[in-house]
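K.L.:
Here it is, the structure in full.
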Amino acid sequence: MAKLNVRKMRAAVGRGPVAGPARVAGPTYEGGAGYARDLKSELFLLAVTNMVGEQTFYERAGERDERYSRLVRAAAVADPDWTGRFLAWLRGGANLRTAAVVGAAEFVQGRLAAAAPANGENRKVVADVLQRADEPGELLAYWMSRYGRAVPKPVKRGIADAVQRLYTERNLLKYDTASHAFRFGDVIDLTHPGPAAPWQGDLFAYALGRRHGREDLPVPESLAVIAANERLRADAAGDPAVLLDADRLRAAGMTWEDALSMSGGTTLDKAALWTALLPSMGYMARLRNLRNFDQAGVADGAAAPVAAELADPERVARSRQLPMRFLSAYRAAPSLRWSWALDQALTASLANVPALPGRTLVLIDTSGSMHSTFSRDGTLMRWDAAVVFGVALGTRCAGADVVSFSTGSTVFKLRKGESVLKAIERFRAEGHFHGQGTNTATAVRKHFKGHDRVVILTDEQASYDGSVSDAVPATVPIFTWNLAGYRLGHTPATANRWTFGGLSDAGFGMIPLLEAGRHGDWPF
């Protein structure tokens with residue numbers, strides 16, 4: 001009987017970007033065989049799962065942040081071009097704001113400490129990662145808290161480049177608040193940006209005066225939005241009903257936070273106020289306030305355009321929201337009127353999850369360590385991300401067996417035509433979150449029945465129940481989707497054993513490329 005020349009799935013021969021030695025480097029946190037990655041691979045897997053300052057199950061926040069900083073500094077010296085492109089993608093493609101800002105600061109520090117030759121890359125990396133108007137102040141605050149008040153020229157010049165692009169009237173009204181240690185005026189004082197146009201020079205002067213408490217500060221004619229904002233505030237002090245004028249709110253750049261604050265203690269109808277605010281609210285602001293719309297009693301007629309915008313695939317792509325944000329909004333919103341739109345939005349945010357031929361075994365890690373939060377409010381866990389990706393992948397495969405595993409395992413039966421959100425909620429309702437150990441190899445051995453591939457969504461901290469890599473024949477591809485970024489993983493970076501990672505769908509498109517024998521590169 002032929003054993004090698006068979007019609008079954010041929011060995012995948014593509015090369016993935018994540019690499020490392022094939023030998024065991026030490027135990028995982030659960031005692032299994034742990035494999036190290038090279039510098040770029042470890043940095044990538046950590047960064048794409050890293051909410052800076054947040055503790056994980058096995059790593060304290062400070063330890064994790066220090067490991068990240070150390071890796072960025074080393075990569076900045078070893079390969080500044082790759083690291084610079086990576087940090088820009090981390091902010092723009094992966095939409096991980098704080099990790100990118102911290103990474104830019106550590107990039108500069110690493111190169112300065114190593115006395116690496118300067119060709120403008122330090123300044124460029126800083127400018128590239130700053131994509132929101134509060135981020136120049138964020139970077140300065142991080143630098144001074146870590147390295148002191150002496151800010152090097154590349155940091156100042158990169159921030160100044162970003163300030164030219166980001167500092168507008170509306171952004172000043174939204175982000176220049178007393179809650180920030182570094183106000184717009186402080187950033188301008190420290191970095192001395194040149195205005196891109198005369199109106200921006202007036203804006204810089206206004207921001208400086210505002211920072212230094214000049215209550216009699218005149219508003220130049222060129223700053224029409226700020227002038228409209230001041231008039232609206234003055235009028236609202238005498239008659240709060242002016243806040244119900246949607247056109248005035250938009251013209252004045254009034255944020256929803258400020259409008260709600262100004263209406264506090266008044267008898268202003270909250271449903272009417274939210275309805276007036278809706279036209280000037282951005283995608284993310286609408287997404288995070290669905291519960292508030294429902295609790296205030298916003299009418300269905302006003303809510304319908306909001307739902308249509310949330311469901312629009314182009315708006316979803318431009319918003320760059322992580323898929324789990326739609327799950328969080330779905331769970332928070334009391335009304336079912338948002339459900340279809342949020343399911344469409346979640347599906348659109350998972351556009352890179354491929355439709356795979358043949359039979360796929362999808363293993364979702366629901367061990368105790370995956371019950372670790374990655375959102376500041378504690379509402380989203382790493383196993384939520386695993387379920388989102390695992391269920392979405394399962395529904396798109398020609399044939400898939402979806403398994404939840406921990407110490408034991410259970411099979412989650414997919415239902416034809418069921419929406420992804422509905423399936424995710426059923427996953428929880430049927431008790432597939434286990435919260436025990438991480439017996440990955442046991443689960444693979446138990447459920448592998450000649451599948452064409454195995455996909456494991458996990459933090460990779462497998463226990464000592466055997467080799468994950470050896471649990472299936474060497475010719476069967478194992479794709480690991482890493483959701484925590486710990487130093488050691490559960491499979492070596494060898495043929496047919498690949499690791500990806502992150503909280504977005506950016507890397508899933510590499511699976512069909514690798515199976516087709518083409519090389520999967522970094523997503524930037």
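To be explicit about the labels: the chains of the structure tokens are called A, B, and onward in the order shown, and within each one the residues are counted from 1, while ligands get numbers from 1 in the order they are shown.
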Which residues are near Met370 in chain A? Cut-off 7 Å, only C-alpha atoms, ignore same chain within fewer than 6 positions. Put them as a list in words.

P.N.:
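Returned residues: Met381, Arg382, Trp383 and Asp459 of chain A.
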
K.L.:
Taking a cut-off of 12 Å and counting only C-alpha atoms, can you build a table that, for each residue of range 21-62 of chain A near range 494-518 of chain A, reports the nearest atom pair and how far apart they are in Å (one decimal), sorted by chain then residue number, as a tab-separated table?

P.N.:
```
residue	atom	partner	partner_atom	distance
A:Pro21	CA	A:Thr494	CA	8.4
A:Ala22	CA	A:Thr494	CA	6.5
A:Arg23	CA	A:Thr494	CA	10.1
A:Tyr35	CA	A:Thr494	CA	10.9
A:Ala36	CA	A:Thr499	CA	11.8
A:Arg37	CA	A:Thr499	CA	10.1
A:Ser41	CA	A:Phe500	CA	9.2
A:Glu42	CA	A:Gly501	CA	10.5
A:Leu43	CA	A:Gly501	CA	11.0
A:Phe44	CA	A:Gly501	CA	8.0
A:Leu45	CA	A:Gly501	CA	5.6
A:Leu46	CA	A:Gly502	CA	8.5
A:Ala47	CA	A:Gly502	CA	8.1
A:Val48	CA	A:Gly502	CA	4.5
A:Thr49	CA	A:Gly502	CA	5.1
A:Asn50	CA	A:Gly502	CA	8.7
A:Met51	CA	A:Leu503	CA	10.3
```

K.L.:
Residues of range 146-235 of chain A that approach range 119-129 of chain A to 9 Å or less, counting only C-alpha atoms: could you list each one with the shortest pair of atoms and its distance in Å to one decimal, rows by chain and increasing residue number, as a tab-separated table?

P.N.:
```
residue	atom	partner	partner_atom	distance
A:Lys153	CA	A:Arg123	CA	8.2
A:Pro154	CA	A:Arg123	CA	4.6
A:Val155	CA	A:Arg123	CA	6.1
A:Lys156	CA	A:Arg123	CA	8.0
A:Arg157	CA	A:Arg123	CA	6.1
A:Gly158	CA	A:Arg123	CA	4.3
A:Ile159	CA	A:Ala127	CA	5.8
A:Ala160	CA	A:Ala127	CA	7.9
A:Asp161	CA	A:Ala127	CA	6.0
A:Ala162	CA	A:Ala127	CA	5.1
A:Val163	CA	A:Ala127	CA	8.7
```

K.L.:
Report, in Å to a single decimal, how far apart CA of Ser69 in chain A and CA of Ala113 in chain A are.

P.N.:
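Going from CA of Ala113 in chain A over to CA of Ser69 in chain A covers 13.3 Å.
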
K.L.:
When DSSP works through the backbone of this structure, what residues of range 352-500 of chain A end up as helix (DSSP H, G or I), shown as a ChimeraX atom specification?

P.N.:
/A:368-370,382-396,420-429,440-447,469-471

K.L.:
Residues within 8 Å of His451 in chain A, please, as a list in words. Count only C-alpha atoms; anything in the same chain fewer than 2 positions from it doesn't count.

P.N.:
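Once the nearby chain positions are removed, what remains is Gly358, Arg359, Thr360, Leu361, Phe448, Lys449, Arg453, Val454 and Val476 of chain A.
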
K.L.:
Might you pull out every residue within 7 Å of Ala196 in chain A, with only C-alpha atoms counted and same-chain residues fewer than 2 positions away left off, and present them as a list of chain:residue names?

P.N.:
A:Gln164, A:Gly194, A:Gln200

K.L.:
Excluding range 223-226 of chain A and its own-chain neighbours fewer than 5 positions away, which residues fall within 9 Å of it when counting only C-alpha atoms? Please give them as a PDB file with N, CA, C and O atoms, in the first residue's frame.

P.N.:
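Wrote around.pdb, looks like this:
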```
ATOM      1  N   GLU A 169      -8.444  72.830  14.546  1.00  0.00           N
ATOM      2  CA  GLU A 169      -9.389  73.401  15.515  1.00  0.00           C
ATOM      3  C   GLU A 169     -10.225  72.314  16.196  1.00  0.00           C
ATOM      4  O   GLU A 169     -10.376  72.287  17.421  1.00  0.00           O
ATOM      5  N   ARG A 170     -10.780  71.448  15.396  1.00  0.00           N
ATOM      6  CA  ARG A 170     -11.645  70.408  15.960  1.00  0.00           C
ATOM      7  C   ARG A 170     -10.871  69.463  16.871  1.00  0.00           C
ATOM      8  O   ARG A 170     -11.383  69.030  17.907  1.00  0.00           O
ATOM      9  N   LEU A 172      -8.201  70.253  18.589  1.00  0.00           N
ATOM     10  CA  LEU A 172      -7.928  70.964  19.837  1.00  0.00           C
ATOM     11  C   LEU A 172      -9.129  70.909  20.766  1.00  0.00           C
ATOM     12  O   LEU A 172      -8.997  70.651  21.971  1.00  0.00           O
ATOM     13  N   LEU A 173     -10.314  71.120  20.241  1.00  0.00           N
ATOM     14  CA  LEU A 173     -11.518  71.094  21.071  1.00  0.00           C
ATOM     15  C   LEU A 173     -11.775  69.694  21.639  1.00  0.00           C
ATOM     16  O   LEU A 173     -12.304  69.556  22.740  1.00  0.00           O
ATOM     17  N   TRP A 199      -3.501  79.968   9.350  1.00  0.00           N
ATOM     18  CA  TRP A 199      -4.505  79.638  10.373  1.00  0.00           C
ATOM     19  C   TRP A 199      -3.916  78.748  11.461  1.00  0.00           C
ATOM     20  O   TRP A 199      -4.291  78.855  12.639  1.00  0.00           O
ATOM     21  N   GLN A 200      -2.962  77.863  11.076  1.00  0.00           N
ATOM     22  CA  GLN A 200      -2.368  76.983  12.075  1.00  0.00           C
ATOM     23  C   GLN A 200      -1.434  77.763  13.004  1.00  0.00           C
ATOM     24  O   GLN A 200      -1.320  77.430  14.190  1.00  0.00           O
ATOM     25  N   ASP A 202      -2.089  80.778  13.981  1.00  0.00           N
ATOM     26  CA  ASP A 202      -3.048  81.342  14.944  1.00  0.00           C
ATOM     27  C   ASP A 202      -3.489  80.289  15.953  1.00  0.00           C
ATOM     28  O   ASP A 202      -3.659  80.586  17.144  1.00  0.00           O
ATOM     29  N   LEU A 203      -3.675  79.056  15.472  1.00  0.00           N
ATOM     30  CA  LEU A 203      -4.082  77.970  16.372  1.00  0.00           C
ATOM     31  C   LEU A 203      -3.001  77.686  17.411  1.00  0.00           C
ATOM     32  O   LEU A 203      -3.305  77.495  18.595  1.00  0.00           O
ATOM     33  N   ARG A 231     -19.210  80.689  21.353  1.00  0.00           N
ATOM     34  CA  ARG A 231     -20.550  81.292  21.317  1.00  0.00           C
ATOM     35  C   ARG A 231     -21.604  80.293  21.785  1.00  0.00           C
ATOM     36  O   ARG A 231     -22.521  80.651  22.542  1.00  0.00           O
ATOM     37  N   ALA A 251     -21.096  72.703  13.635  1.00  0.00           N
ATOM     38  CA  ALA A 251     -20.281  73.861  13.272  1.00  0.00           C
ATOM     39  C   ALA A 251     -19.322  74.255  14.386  1.00  0.00           C
ATOM     40  O   ALA A 251     -18.242  74.800  14.133  1.00  0.00           O
ATOM     41  N   ALA A 252     -19.717  73.974  15.641  1.00  0.00           N
ATOM     42  CA  ALA A 252     -18.900  74.354  16.796  1.00  0.00           C
ATOM     43  C   ALA A 252     -17.924  73.259  17.207  1.00  0.00           C
ATOM     44  O   ALA A 252     -17.198  73.425  18.200  1.00  0.00           O
ATOM     45  N   GLY A 253     -17.892  72.151  16.476  1.00  0.00           N
ATOM     46  CA  GLY A 253     -16.983  71.070  16.846  1.00  0.00           C
ATOM     47  C   GLY A 253     -17.237  70.557  18.251  1.00  0.00           C
ATOM     48  O   GLY A 253     -16.313  70.108  18.939  1.00  0.00           O
TER      49      GLY A 253
END
```

K.L.:
Quick one: pull the distance between CA of Ala141 in chain A and CA of Asp65 in chain A, Å, one decimal.

P.N.:
15.9 Å

K.L.:
Grab the CA of Met254 in chain A to CA of Asn171 in chain A distance for me, in Å with one decimal place.

P.N.:
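The value is 10.5 Å.
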
K.L.:
Using DSSP on the backbone, list every residue of range 276-393 of chain A that comes out as strand (DSSP E or B), and give them as a list in words.

P.N.:
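Assigned to strand (DSSP E or B), within range 276-393 of chain A: Arg359, Thr360, Leu361, Val362, Leu363, Ile364, Asp365, Thr373 and Met381 of chain A.
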
K.L.:
Compile the contact shell of range 272-282 of chain A as a list of chain:residue names: residues with an atom at most 9 Å away, counting only C-alpha atoms, same-chain residues fewer than 6 positions apart removed.

P.N.:
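In the requested form, the answer reads A:Ala241, A:Leu243, A:Leu244, A:Asp245, A:Ala246, A:Asp247, A:Leu249, A:Arg250, A:Gly253, A:Met254, A:Thr255, A:Trp256, A:Ala259, A:Leu260, A:Ser263, A:Asn292, A:Phe293, A:Ala296, A:Gly297, A:Val298, A:Ala299, A:Ala302, A:Ala303, A:Val306.
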
K.L.:
Measuring between only C-alpha atoms, which one of A:Arg248, A:Arg325, A:Arg315, A:Arg211 shows the shortest distance to Thr177 in chain A?

P.N.:
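The closest residue to Thr177 in chain A is A:Arg211.
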
K.L.:
Using only C-alpha atoms, which of A:Leu483, A:Leu488, A:Gly32, A:Asn289 sits nearest Phe374 in chain A?

P.N.:
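For Phe374 in chain A, the nearest of the given residues is A:Leu483.
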
K.L.:
Using only C-alpha atoms for the distances, tell me which of A:Asp235, A:Gly489, A:Asp79, A:Thr168 is nearest to Ser222 in chain A.

P.N.:
A:Thr168

K.L.:
Which neighbours of Val468 in chain A fall inside 8 Å, counting only C-alpha atoms, when residues of the same chain fewer than 4 positions from it are skipped, and could you give them as an mmCIF file with C-alpha atoms, in the first residue's frame?

P.N.:
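Resulting contents of around33.cif:
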```
data_model
loop_
_atom_site.group_PDB
_atom_site.id
_atom_site.type_symbol
_atom_site.label_atom_id
_atom_site.label_comp_id
_atom_site.auth_asym_id
_atom_site.auth_seq_id
_atom_site.Cartn_x
_atom_site.Cartn_y
_atom_site.Cartn_z
ATOM 1 C CA THR A 440 -3.265 20.956 23.713
ATOM 2 C CA ALA A 441 -1.576 17.773 22.495
ATOM 3 C CA VAL A 444 -5.222 17.369 18.950
ATOM 4 C CA VAL A 472 -0.450 14.780 13.865
ATOM 5 C CA HIS A 490 4.268 25.187 21.678
ATOM 6 C CA THR A 491 5.621 24.162 18.255
#
```

K.L.:
Give me the range 387-432 of chain A side of the contact with range 331-354 of chain A, cut-off 7 Å, one line per residue showing its nearest atom pair and distance in Å at one decimal, counting only C-alpha atoms, sorted by chain and residue number, as a tab-separated table.

P.N.:
```
residue	atom	partner	partner_atom	distance
A:Leu393	CA	A:Val353	CA	6.1
A:Arg396	CA	A:Pro354	CA	6.8
A:Ser419	CA	A:Asp343	CA	7.0
A:Val420	CA	A:Asp343	CA	6.8
A:Leu421	CA	A:Asp343	CA	5.7
```

K.L.:
Residues of the last selection are to be written out with C-alpha atoms, as a PDB file, in the first residue's frame.

P.N.:
```pdb
ATOM      1  CA  LEU A 393     -12.962  30.360  10.344  1.00  0.00           C
ATOM      2  CA  ARG A 396     -16.092  29.660   6.148  1.00  0.00           C
ATOM      3  CA  SER A 419     -24.598  34.289  12.050  1.00  0.00           C
ATOM      4  CA  VAL A 420     -21.160  34.593  13.620  1.00  0.00           C
ATOM      5  CA  LEU A 421     -22.475  36.627  16.576  1.00  0.00           C
TER       6      LEU A 421
END
```
